$ cat my_file19.tsv   # TSV, N, CA and C atoms
chain	number	residue	atom	x	y	z
A	1	MET	N	32.53	-82.51	145.04
A	1	MET	CA	32.70	-81.49	144.02
A	1	MET	C	31.52	-81.59	143.06
A	2	SER	N	30.86	-80.47	142.77
A	2	SER	CA	29.70	-80.50	141.88
A	2	SER	C	30.16	-80.42	140.42
A	3	ALA	N	29.33	-80.96	139.57
A	3	ALA	CA	29.64	-80.93	138.13
A	3	ALA	C	29.50	-79.50	137.63
A	4	ARG	N	30.40	-79.07	136.78
A	4	ARG	CA	30.36	-77.73	136.21
A	4	ARG	C	29.32	-77.70	135.09
A	5	THR	N	28.47	-76.68	135.10
A	5	THR	CA	27.47	-76.55	134.05
A	5	THR	C	28.18	-76.15	132.76
A	6	THR	N	27.85	-76.85	131.67
A	6	THR	CA	28.54	-76.59	130.40
A	6	THR	C	27.69	-75.85	129.39
A	7	THR	N	26.47	-75.46	129.79
A	7	THR	CA	25.61	-74.70	128.89
A	7	THR	C	25.06	-73.48	129.63
A	8	ALA	N	24.53	-72.57	128.87
A	8	ALA	CA	23.86	-71.40	129.42
A	8	ALA	C	22.36	-71.70	129.51
A	9	SER	N	21.63	-70.83	130.17
A	9	SER	CA	20.17	-70.93	130.15
A	9	SER	C	19.61	-69.55	129.80
A	10	VAL	N	18.40	-69.55	129.20
A	10	VAL	CA	17.83	-68.31	128.68
A	10	VAL	C	16.35	-68.23	129.06
A	11	SER	N	15.92	-67.03	129.45
A	11	SER	CA	14.51	-66.74	129.66
A	11	SER	C	14.25	-65.31	129.18
A	12	THR	N	12.99	-64.97	129.02
A	12	THR	CA	12.64	-63.62	128.58
A	12	THR	C	11.27	-63.25	129.09
A	13	HIS	N	10.96	-61.98	129.03
A	13	HIS	CA	9.59	-61.52	129.20
A	13	HIS	C	9.42	-60.24	128.40
A	14	ILE	N	8.17	-59.94	128.08
A	14	ILE	CA	7.85	-58.75	127.28
A	14	ILE	C	6.88	-57.89	128.06
A	15	LEU	N	7.22	-56.62	128.18
A	15	LEU	CA	6.33	-55.64	128.79
A	15	LEU	C	5.90	-54.66	127.71
A	16	ASP	N	4.61	-54.52	127.53
A	16	ASP	CA	4.06	-53.53	126.61
A	16	ASP	C	4.06	-52.20	127.35
A	17	THR	N	5.05	-51.36	127.06
A	17	THR	CA	5.20	-50.11	127.81
A	17	THR	C	4.12	-49.09	127.45
A	18	SER	N	3.50	-49.22	126.29
A	18	SER	CA	2.43	-48.29	125.93
A	18	SER	C	1.15	-48.59	126.70
A	19	ALA	N	0.98	-49.83	127.11
A	19	ALA	CA	-0.23	-50.22	127.86
A	19	ALA	C	0.07	-50.43	129.34
A	20	GLY	N	1.36	-50.53	129.68
A	20	GLY	CA	1.72	-50.77	131.07
A	20	GLY	C	1.35	-52.14	131.57
A	21	ARG	N	1.44	-53.14	130.68
A	21	ARG	CA	1.08	-54.50	131.08
A	21	ARG	C	1.94	-55.51	130.30
A	22	PRO	N	2.00	-56.75	130.78
A	22	PRO	CA	2.73	-57.80	130.07
A	22	PRO	C	2.11	-58.07	128.70
A	23	ALA	N	2.93	-58.45	127.76
A	23	ALA	CA	2.46	-58.81	126.41
A	23	ALA	C	2.30	-60.33	126.35
A	24	ALA	N	1.07	-60.79	126.42
A	24	ALA	CA	0.77	-62.22	126.40
A	24	ALA	C	0.56	-62.71	124.97
A	25	GLY	N	0.91	-63.96	124.72
A	25	GLY	CA	0.63	-64.59	123.44
A	25	GLY	C	1.59	-64.26	122.32
A	26	VAL	N	2.78	-63.78	122.64
A	26	VAL	CA	3.78	-63.47	121.61
A	26	VAL	C	4.67	-64.69	121.40
A	27	THR	N	4.80	-65.12	120.15
A	27	THR	CA	5.67	-66.25	119.82
A	27	THR	C	7.13	-65.79	119.83
A	28	VAL	N	7.99	-66.58	120.49
A	28	VAL	CA	9.41	-66.28	120.57
A	28	VAL	C	10.19	-67.54	120.19
A	29	ARG	N	11.08	-67.40	119.20
A	29	ARG	CA	11.95	-68.51	118.80
A	29	ARG	C	13.33	-68.29	119.40
A	30	ILE	N	14.03	-69.38	119.71
A	30	ILE	CA	15.40	-69.32	120.20
A	30	ILE	C	16.30	-70.07	119.23
A	31	LEU	N	17.42	-69.45	118.89
A	31	LEU	CA	18.41	-70.03	117.99
A	31	LEU	C	19.78	-69.89	118.63
A	32	ALA	N	20.73	-70.73	118.23
A	32	ALA	CA	22.07	-70.68	118.79
A	32	ALA	C	23.10	-70.93	117.70
A	33	ARG	N	24.32	-70.47	117.97
A	33	ARG	CA	25.42	-70.77	117.06
A	33	ARG	C	26.70	-70.94	117.87
A	34	VAL	N	27.63	-71.65	117.28
A	34	VAL	CA	28.93	-71.90	117.89
A	34	VAL	C	29.94	-71.11	117.08
A	35	GLY	N	30.27	-69.93	117.54
A	35	GLY	CA	31.20	-69.06	116.81
A	35	GLY	C	30.48	-68.02	115.97
A	36	ARG	N	31.08	-66.87	115.84
A	36	ARG	CA	30.42	-65.75	115.18
A	36	ARG	C	30.14	-65.98	113.70
A	37	ASP	N	30.87	-66.86	113.05
A	37	ASP	CA	30.65	-67.12	111.63
A	37	ASP	C	29.82	-68.38	111.35
A	38	ALA	N	29.39	-69.05	112.40
A	38	ALA	CA	28.62	-70.29	112.24
A	38	ALA	C	27.17	-69.98	111.86
A	39	ASP	N	26.51	-70.96	111.30
A	39	ASP	CA	25.09	-70.83	110.96
A	39	ASP	C	24.25	-70.93	112.23
A	40	TRP	N	23.12	-70.24	112.21
A	40	TRP	CA	22.18	-70.31	113.32
A	40	TRP	C	21.46	-71.65	113.28
A	41	GLN	N	21.32	-72.26	114.45
A	41	GLN	CA	20.60	-73.52	114.60
A	41	GLN	C	19.35	-73.27	115.45
A	42	PRO	N	18.15	-73.53	114.89
A	42	PRO	CA	16.94	-73.36	115.71
A	42	PRO	C	16.90	-74.36	116.85
A	43	LEU	N	16.53	-73.90	118.03
A	43	LEU	CA	16.44	-74.77	119.20
A	43	LEU	C	15.00	-75.03	119.62
A	44	GLY	N	14.10	-74.14	119.23
A	44	GLY	CA	12.70	-74.30	119.62
A	44	GLY	C	12.03	-72.95	119.76
A	45	GLY	N	10.91	-72.97	120.43
A	45	GLY	CA	10.17	-71.73	120.61
A	45	GLY	C	9.18	-71.86	121.74
A	46	SER	N	8.52	-70.75	122.00
A	46	SER	CA	7.56	-70.68	123.07
A	46	SER	C	6.63	-69.51	122.77
A	47	ALA	N	5.66	-69.31	123.62
A	47	ALA	CA	4.80	-68.13	123.55
A	47	ALA	C	4.73	-67.54	124.94
A	48	THR	N	4.69	-66.23	125.01
A	48	THR	CA	4.62	-65.58	126.31
A	48	THR	C	3.31	-65.92	127.01
A	49	ASP	N	3.40	-66.14	128.31
A	49	ASP	CA	2.23	-66.47	129.12
A	49	ASP	C	1.51	-65.18	129.53
A	50	ALA	N	0.52	-65.29	130.40
A	50	ALA	CA	-0.27	-64.13	130.82
A	50	ALA	C	0.59	-63.07	131.51
A	51	ASP	N	1.73	-63.49	132.05
A	51	ASP	CA	2.66	-62.57	132.70
A	51	ASP	C	3.72	-62.06	131.72
A	52	GLY	N	3.57	-62.40	130.42
A	52	GLY	CA	4.51	-61.96	129.39
A	52	GLY	C	5.83	-62.71	129.38
A	53	ARG	N	5.89	-63.86	130.03
A	53	ARG	CA	7.16	-64.59	130.20
A	53	ARG	C	7.24	-65.87	129.37
A	54	CYS	N	8.46	-66.17	128.95
A	54	CYS	CA	8.83	-67.47	128.37
A	54	CYS	C	9.89	-68.04	129.30
A	55	ARG	N	9.55	-69.14	129.94
A	55	ARG	CA	10.48	-69.75	130.90
A	55	ARG	C	10.92	-71.14	130.48
A	56	ASP	N	10.43	-71.61	129.33
A	56	ASP	CA	10.63	-73.01	128.97
A	56	ASP	C	11.50	-73.23	127.74
A	57	PHE	N	12.44	-72.31	127.48
A	57	PHE	CA	13.34	-72.52	126.35
A	57	PHE	C	14.28	-73.69	126.62
A	58	PRO	N	14.61	-74.45	125.58
A	58	PRO	CA	15.63	-75.49	125.77
A	58	PRO	C	16.99	-74.85	126.00
A	59	ALA	N	17.83	-75.54	126.72
A	59	ALA	CA	19.19	-75.04	126.96
A	59	ALA	C	19.99	-75.06	125.65
A	60	PRO	N	20.76	-74.03	125.39
A	60	PRO	CA	21.63	-74.06	124.21
A	60	PRO	C	22.63	-75.21	124.33
A	61	PRO	N	23.02	-75.78	123.21
A	61	PRO	CA	23.98	-76.90	123.27
A	61	PRO	C	25.35	-76.45	123.76
A	62	GLU	N	26.09	-77.40	124.26
A	62	GLU	CA	27.46	-77.13	124.71
A	62	GLU	C	28.25	-76.49	123.56
A	63	GLY	N	29.05	-75.50	123.89
A	63	GLY	CA	29.87	-74.82	122.90
A	63	GLY	C	29.19	-73.60	122.28
A	64	THR	N	27.94	-73.33	122.65
A	64	THR	CA	27.22	-72.17	122.12
A	64	THR	C	27.92	-70.89	122.56
A	65	THR	N	28.13	-69.98	121.61
A	65	THR	CA	28.74	-68.69	121.92
A	65	THR	C	27.76	-67.53	121.75
A	66	HIS	N	26.73	-67.73	120.93
A	66	HIS	CA	25.74	-66.68	120.69
A	66	HIS	C	24.34	-67.28	120.66
A	67	VAL	N	23.39	-66.53	121.19
A	67	VAL	CA	21.98	-66.91	121.17
A	67	VAL	C	21.21	-65.77	120.53
A	68	ARG	N	20.16	-66.13	119.81
A	68	ARG	CA	19.27	-65.13	119.21
A	68	ARG	C	17.84	-65.45	119.61
A	69	LEU	N	17.13	-64.43	120.03
A	69	LEU	CA	15.70	-64.54	120.29
A	69	LEU	C	14.97	-63.76	119.22
A	70	ASP	N	14.04	-64.41	118.54
A	70	ASP	CA	13.21	-63.78	117.52
A	70	ASP	C	11.80	-63.63	118.07
A	71	PHE	N	11.39	-62.39	118.31
A	71	PHE	CA	10.08	-62.07	118.86
A	71	PHE	C	9.14	-61.72	117.71
A	72	ALA	N	8.08	-62.48	117.51
A	72	ALA	CA	7.09	-62.21	116.46
A	72	ALA	C	6.00	-61.31	117.07
A	73	VAL	N	6.24	-60.00	117.06
A	73	VAL	CA	5.38	-59.06	117.78
A	73	VAL	C	4.23	-58.50	116.94
A	74	GLU	N	4.23	-58.73	115.64
A	74	GLU	CA	3.23	-58.11	114.77
A	74	GLU	C	1.79	-58.43	115.18
A	75	ALA	N	1.48	-59.69	115.37
A	75	ALA	CA	0.10	-60.07	115.72
A	75	ALA	C	-0.31	-59.46	117.05
A	76	TYR	N	0.61	-59.45	118.02
A	76	TYR	CA	0.31	-58.83	119.31
A	76	TYR	C	0.03	-57.33	119.14
A	77	LEU	N	0.89	-56.64	118.40
A	77	LEU	CA	0.71	-55.20	118.21
A	77	LEU	C	-0.57	-54.89	117.43
A	78	GLU	N	-0.92	-55.75	116.49
A	78	GLU	CA	-2.19	-55.55	115.76
A	78	GLU	C	-3.38	-55.69	116.71
A	79	ARG	N	-3.33	-56.70	117.59
A	79	ARG	CA	-4.40	-56.87	118.58
A	79	ARG	C	-4.47	-55.67	119.51
A	80	SER	N	-3.30	-55.20	119.96
A	80	SER	CA	-3.25	-54.05	120.86
A	80	SER	C	-3.75	-52.80	120.16
A	81	GLU	N	-3.36	-52.62	118.91
A	81	GLU	CA	-3.79	-51.45	118.14
A	81	GLU	C	-5.29	-51.46	117.94
A	82	SER	N	-5.83	-52.62	117.66
A	82	SER	CA	-7.27	-52.75	117.47
A	82	SER	C	-8.01	-52.37	118.75
A	83	GLN	N	-7.54	-52.86	119.88
A	83	GLN	CA	-8.16	-52.52	121.16
A	83	GLN	C	-7.99	-51.04	121.47
A	84	SER	N	-6.80	-50.52	121.20
A	84	SER	CA	-6.53	-49.11	121.46
A	84	SER	C	-7.41	-48.21	120.59
A	85	ALA	N	-7.59	-48.60	119.34
A	85	ALA	CA	-8.42	-47.80	118.43
A	85	ALA	C	-9.85	-47.70	118.93
A	86	LYS	N	-10.34	-48.77	119.54
A	86	LYS	CA	-11.70	-48.75	120.08
A	86	LYS	C	-11.82	-47.74	121.22
A	87	ASN	N	-10.70	-47.51	121.91
A	87	ASN	CA	-10.71	-46.64	123.08
A	87	ASN	C	-10.31	-45.19	122.78
A	88	GLN	N	-9.90	-44.89	121.55
A	88	GLN	CA	-9.43	-43.55	121.22
A	88	GLN	C	-10.55	-42.70	120.66
A	89	ALA	N	-10.46	-41.42	120.93
A	89	ALA	CA	-11.42	-40.47	120.36
A	89	ALA	C	-10.94	-40.08	118.96
A	90	ASP	N	-11.87	-39.77	118.06
A	90	ASP	CA	-11.52	-39.37	116.70
A	90	ASP	C	-10.70	-38.08	116.67
A	91	ALA	N	-10.74	-37.29	117.73
A	91	ALA	CA	-10.00	-36.04	117.78
A	91	ALA	C	-8.49	-36.25	117.78
A	92	GLN	N	-8.02	-37.47	118.01
A	92	GLN	CA	-6.59	-37.74	118.06
A	92	GLN	C	-6.07	-38.22	116.70
A	93	GLN	N	-6.44	-37.58	115.65
A	93	GLN	CA	-6.08	-38.00	114.29
A	93	GLN	C	-4.57	-38.05	114.06
A	94	ASP	N	-3.80	-37.23	114.73
A	94	ASP	CA	-2.37	-37.18	114.50
A	94	ASP	C	-1.58	-38.10	115.41
A	95	ALA	N	-2.25	-38.84	116.25
A	95	ALA	CA	-1.55	-39.76	117.14
A	95	ALA	C	-0.85	-40.83	116.31
A	96	PRO	N	0.33	-41.31	116.73
A	96	PRO	CA	1.07	-42.32	115.96
A	96	PRO	C	0.24	-43.54	115.59
A	97	ALA	N	-0.67	-43.94	116.44
A	97	ALA	CA	-1.47	-45.13	116.16
A	97	ALA	C	-2.31	-44.94	114.91
A	98	ASN	N	-2.68	-43.71	114.59
A	98	ASN	CA	-3.53	-43.44	113.43
A	98	ASN	C	-2.75	-43.02	112.19
A	99	ARG	N	-1.56	-42.51	112.36
A	99	ARG	CA	-0.78	-41.94	111.27
A	99	ARG	C	-0.46	-42.94	110.16
A	100	ASP	N	-0.19	-44.17	110.50
A	100	ASP	CA	0.26	-45.14	109.52
A	100	ASP	C	-0.84	-46.09	109.06
A	101	GLY	N	-2.06	-45.74	109.29
A	101	GLY	CA	-3.17	-46.57	108.84
A	101	GLY	C	-3.18	-47.95	109.47
A	102	GLY	N	-2.67	-48.08	110.68
A	102	GLY	CA	-2.71	-49.36	111.36
A	102	GLY	C	-1.54	-50.28	111.07
A	103	ALA	N	-0.60	-49.86	110.21
A	103	ALA	CA	0.56	-50.70	109.91
A	103	ALA	C	1.44	-50.83	111.15
A	104	VAL	N	1.97	-52.02	111.37
A	104	VAL	CA	2.88	-52.26	112.48
A	104	VAL	C	4.29	-51.89	112.02
A	105	PHE	N	4.92	-50.98	112.74
A	105	PHE	CA	6.25	-50.51	112.35
A	105	PHE	C	7.33	-51.57	112.55
A	106	PHE	N	7.32	-52.27	113.68
A	106	PHE	CA	8.26	-53.36	113.96
A	106	PHE	C	7.49	-54.67	113.99
A	107	PRO	N	7.39	-55.41	112.88
A	107	PRO	CA	6.66	-56.67	112.89
A	107	PRO	C	7.40	-57.78	113.65
A	108	GLU	N	8.69	-57.65	113.77
A	108	GLU	CA	9.47	-58.63	114.53
A	108	GLU	C	10.69	-57.95	115.13
A	109	VAL	N	11.18	-58.53	116.20
A	109	VAL	CA	12.37	-58.02	116.88
A	109	VAL	C	13.31	-59.20	117.07
A	110	SER	N	14.55	-59.04	116.63
A	110	SER	CA	15.58	-60.07	116.84
A	110	SER	C	16.66	-59.51	117.75
A	111	VAL	N	17.00	-60.28	118.77
A	111	VAL	CA	18.01	-59.86	119.73
A	111	VAL	C	19.08	-60.94	119.78
A	112	THR	N	20.32	-60.56	119.49
A	112	THR	CA	21.45	-61.49	119.53
A	112	THR	C	22.37	-61.09	120.68
A	113	PHE	N	22.82	-62.09	121.43
A	113	PHE	CA	23.71	-61.80	122.55
A	113	PHE	C	24.70	-62.95	122.74
A	114	ALA	N	25.85	-62.61	123.33
A	114	ALA	CA	26.90	-63.59	123.61
A	114	ALA	C	26.58	-64.30	124.93
A	115	VAL	N	26.92	-65.58	124.99
A	115	VAL	CA	26.68	-66.36	126.20
A	115	VAL	C	27.95	-67.09	126.63
A	116	ALA	N	27.98	-67.43	127.92
A	116	ALA	CA	29.08	-68.21	128.48
A	116	ALA	C	28.49	-69.38	129.25
A	117	PRO	N	29.20	-70.50	129.30
A	117	PRO	CA	28.71	-71.68	130.01
A	117	PRO	C	28.42	-71.37	131.47
A	118	GLY	N	27.32	-71.94	131.96
A	118	GLY	CA	26.97	-71.82	133.36
A	118	GLY	C	26.23	-70.55	133.74
A	119	GLU	N	26.07	-69.63	132.82
A	119	GLU	CA	25.40	-68.36	133.10
A	119	GLU	C	23.92	-68.44	132.72
A	120	HIS	N	23.08	-67.69	133.45
A	120	HIS	CA	21.68	-67.54	133.06
A	120	HIS	C	21.50	-66.17	132.42
A	121	TYR	N	20.77	-66.12	131.32
A	121	TYR	CA	20.53	-64.88	130.59
A	121	TYR	C	19.03	-64.63	130.54
A	122	HIS	N	18.60	-63.60	131.25
A	122	HIS	CA	17.21	-63.17	131.19
A	122	HIS	C	17.21	-61.90	130.35
A	123	VAL	N	16.47	-61.92	129.24
A	123	VAL	CA	16.52	-60.82	128.27
A	123	VAL	C	15.12	-60.24	128.11
A	124	PRO	N	14.76	-59.23	128.91
A	124	PRO	CA	13.46	-58.59	128.79
A	124	PRO	C	13.38	-57.70	127.55
A	125	LEU	N	12.19	-57.65	126.97
A	125	LEU	CA	11.90	-56.77	125.84
A	125	LEU	C	10.83	-55.78	126.30
A	126	LEU	N	11.16	-54.50	126.24
A	126	LEU	CA	10.20	-53.44	126.52
A	126	LEU	C	9.70	-52.97	125.16
A	127	LEU	N	8.40	-53.11	124.93
A	127	LEU	CA	7.83	-52.95	123.60
A	127	LEU	C	6.78	-51.85	123.57
A	128	SER	N	6.81	-51.05	122.52
A	128	SER	CA	5.74	-50.10	122.23
A	128	SER	C	5.54	-50.09	120.72
A	129	PRO	N	4.49	-49.48	120.22
A	129	PRO	CA	4.22	-49.55	118.77
A	129	PRO	C	5.34	-48.98	117.89
A	130	PHE	N	6.13	-48.03	118.40
A	130	PHE	CA	7.14	-47.39	117.56
A	130	PHE	C	8.54	-47.46	118.15
A	131	GLY	N	8.77	-48.39	119.06
A	131	GLY	CA	10.09	-48.54	119.63
A	131	GLY	C	10.17	-49.75	120.54
A	132	TYR	N	11.39	-50.13	120.83
A	132	TYR	CA	11.62	-51.23	121.78
A	132	TYR	C	12.99	-51.07	122.41
A	133	SER	N	13.17	-51.74	123.52
A	133	SER	CA	14.43	-51.73	124.23
A	133	SER	C	14.62	-53.10	124.85
A	134	VAL	N	15.87	-53.54	124.94
A	134	VAL	CA	16.20	-54.81	125.59
A	134	VAL	C	17.37	-54.57	126.53
A	135	TYR	N	17.50	-55.48	127.49
A	135	TYR	CA	18.62	-55.41	128.42
A	135	TYR	C	18.83	-56.77	129.03
A	136	ARG	N	19.99	-56.96	129.66
A	136	ARG	CA	20.21	-58.21	130.39
A	136	ARG	C	19.65	-58.02	131.79
A	137	GLY	N	18.63	-58.79	132.06
A	137	GLY	CA	17.98	-58.73	133.36
A	137	GLY	C	18.58	-59.74	134.32
A	138	SER	N	17.85	-60.01	135.37
A	138	SER	CA	18.34	-60.97	136.37
A	138	SER	C	17.26	-62.00	136.66

$ encode --input "my_file19.tsv" --output "structure tokens"
Amino acid sequence: MSARTTTASVSTHILDTSAGRPAAGVTVRILARVGRDADWQPLGGSATDADGRCRDFPAPPEGTTHVRLDFAVEAYLERSESQSAKNQADAQQDAPANRDGGAVFFPEVSVTFAVAPGEHYHVPLLLSPFGYSVYRGS
């Protein structure tokens, strides 16, 4: 009889949907709590690799009911915006990238989800300068 896993596992990746490529170099923190009213406990962090993935998060402690991923996307979006601006023609003055004077609309993204022991949770982030989407992947 095999031992029953008593914790969940978590991974993520980020796809920059405006560029059609993985978002490399984004810092992601992982936090956990035991119960909806408990305080968040930081578990660690990572940065997305060249494929936009974080695969090395520590396992949440036994009894964890909720996990939160905090994506620090501002620096990445600023780098992307800077590169994009170099490639844009001045005729596109009304494009969203130019409208806000280079300000990042979403400087960070926090995703909270419920977990169960023994389950793996892959939580992809689809990112663009003015929107994002997340889902439970596989």

$ residues_around --input "my_file19.tsv" --residues "range 112-117 of chain A" --least-positions-apart "5" --cutoff "5 Å" --atoms "only N, CA and C atoms" --output "PDB file with N, CA and C atoms, keeping the file's coordinate frame"
ATOM      1  N   THR A   5      28.470 -76.680 135.100  1.00  0.00           N
ATOM      2  CA  THR A   5      27.470 -76.550 134.050  1.00  0.00           C
ATOM      3  C   THR A   5      28.180 -76.150 132.760  1.00  0.00           C
ATOM      4  N   THR A   6      27.850 -76.850 131.670  1.00  0.00           N
ATOM      5  CA  THR A   6      28.540 -76.590 130.400  1.00  0.00           C
ATOM      6  C   THR A   6      27.690 -75.850 129.390  1.00  0.00           C
ATOM      7  N   THR A   7      26.470 -75.460 129.790  1.00  0.00           N
ATOM      8  CA  THR A   7      25.610 -74.700 128.890  1.00  0.00           C
ATOM      9  C   THR A   7      25.060 -73.480 129.630  1.00  0.00           C
ATOM     10  N   ALA A   8      24.530 -72.570 128.870  1.00  0.00           N
ATOM     11  CA  ALA A   8      23.860 -71.400 129.420  1.00  0.00           C
ATOM     12  C   ALA A   8      22.360 -71.700 129.510  1.00  0.00           C
ATOM     13  N   THR A  65      28.130 -69.980 121.610  1.00  0.00           N
ATOM     14  CA  THR A  65      28.740 -68.690 121.920  1.00  0.00           C
ATOM     15  C   THR A  65      27.760 -67.530 121.750  1.00  0.00           C
ATOM     16  N   HIS A  66      26.730 -67.730 120.930  1.00  0.00           N
ATOM     17  CA  HIS A  66      25.740 -66.680 120.690  1.00  0.00           C
ATOM     18  C   HIS A  66      24.340 -67.280 120.660  1.00  0.00           C
ATOM     19  N   VAL A  67      23.390 -66.530 121.190  1.00  0.00           N
ATOM     20  CA  VAL A  67      21.980 -66.910 121.170  1.00  0.00           C
ATOM     21  C   VAL A  67      21.210 -65.770 120.530  1.00  0.00           C
ATOM     22  N   ARG A  68      20.160 -66.130 119.810  1.00  0.00           N
ATOM     23  CA  ARG A  68      19.270 -65.130 119.210  1.00  0.00           C
ATOM     24  C   ARG A  68      17.840 -65.450 119.610  1.00  0.00           C
TER      25      ARG A  68
END

$ residues_around --input "my_file19.tsv" --residues "range 129-132 of chain A" --least-positions-apart "3" --cutoff "7 Å" --atoms "all atoms listed in the file" --output "list in words"
Ser18, Leu77, Val104, Phe105, Phe106, Leu125 and Leu126 of chain A

$ write_last_selection --input "my_file19.tsv" --atoms "N, CA and C atoms" --output "PDB file, in the frame of the given file"
ATOM      1  N   SER A  18       3.500 -49.220 126.290  1.00  0.00           N
ATOM      2  CA  SER A  18       2.430 -48.290 125.930  1.00  0.00           C
ATOM      3  C   SER A  18       1.150 -48.590 126.700  1.00  0.00           C
ATOM      4  N   LEU A  77       0.890 -56.640 118.400  1.00  0.00           N
ATOM      5  CA  LEU A  77       0.710 -55.200 118.210  1.00  0.00           C
ATOM      6  C   LEU A  77      -0.570 -54.890 117.430  1.00  0.00           C
ATOM      7  N   VAL A 104       1.970 -52.020 111.370  1.00  0.00           N
ATOM      8  CA  VAL A 104       2.880 -52.260 112.480  1.00  0.00           C
ATOM      9  C   VAL A 104       4.290 -51.890 112.020  1.00  0.00           C
ATOM     10  N   PHE A 105       4.920 -50.980 112.740  1.00  0.00           N
ATOM     11  CA  PHE A 105       6.250 -50.510 112.350  1.00  0.00           C
ATOM     12  C   PHE A 105       7.330 -51.570 112.550  1.00  0.00           C
ATOM     13  N   PHE A 106       7.320 -52.270 113.680  1.00  0.00           N
ATOM     14  CA  PHE A 106       8.260 -53.360 113.960  1.00  0.00           C
ATOM     15  C   PHE A 106       7.490 -54.670 113.990  1.00  0.00           C
ATOM     16  N   LEU A 125      12.190 -57.650 126.970  1.00  0.00           N
ATOM     17  CA  LEU A 125      11.900 -56.770 125.840  1.00  0.00           C
ATOM     18  C   LEU A 125      10.830 -55.780 126.300  1.00  0.00           C
ATOM     19  N   LEU A 126      11.160 -54.500 126.240  1.00  0.00           N
ATOM     20  CA  LEU A 126      10.200 -53.440 126.520  1.00  0.00           C
ATOM     21  C   LEU A 126       9.700 -52.970 125.160  1.00  0.00           C
TER      22      LEU A 126
END

$ residues_around --input "my_file19.tsv" --residues "range 48-56 of chain A" --least-positions-apart "3" --cutoff "6 Å" --atoms "all atoms listed in the file" --output "list in words"
Ser11, Thr12, His13, Ile14, Pro22, Ala23, Ala24, Gly25, Val26, Thr27 and Val28 of chain A

$ select_by_dssp --input "my_file19.tsv" --residues "chain A" --states "strand (DSSP E)" --output "PyMOL selection string"
chain A and resi 9-16+21-22+27-33+41-47+53-54+66-72+109-114+120-122+125-128+131-134

$ residues_near_point --input "my_file19.tsv" --point "(9.2, -64.4, 118.1)" --cutoff "7 Å" --atoms "only N, CA and C atoms" --output "list in words"
Val26, Thr27, Val28, Arg29, Leu69, Asp70, Phe71, Ala72, Val73, Glu108 and Val109 of chain A

$ atom_distance --input "my_file19.tsv" --atom1 "CA of Asp39 in chain A" --atom2 "CA of His122 in chain A"
23.0 Å

$ atom_distance --input "my_file19.tsv" --atom1 "atom N of Ala38 in chain A" --atom2 "atom N of Ser110 in chain A"
18.4 Å

$ closest_residue --input "my_file19.tsv" --among "A:Thr64, A:Pro58, A:Val111, A:Thr17" --to "Val34 in chain A" --atoms "only N, CA and C atoms"
A:Thr64

$ closest_residue --input "my_file19.tsv" --among "A:Gln41, A:Ala47, A:Gly35, A:Ala75" --to "Gly63 in chain A" --atoms "only C-alpha atoms"
A:Gly35

$ atom_distance --input "my_file19.tsv" --atom1 "atom C of Gly137 in chain A" --atom2 "atom C of Glu78 in chain A"
28.4 Å

$ select_by_dssp --input "my_file19.tsv" --residues "chain A" --states "helix (DSSP H, G or I)" --output "PyMOL selection string"
chain A and resi 74-87+96-99

$ closest_residue --input "my_file19.tsv" --among "A:Tyr76, A:Tyr121, A:Arg36, A:Ser133" --to "Ser9 in chain A" --atoms "all atoms listed in the file"
A:Tyr121
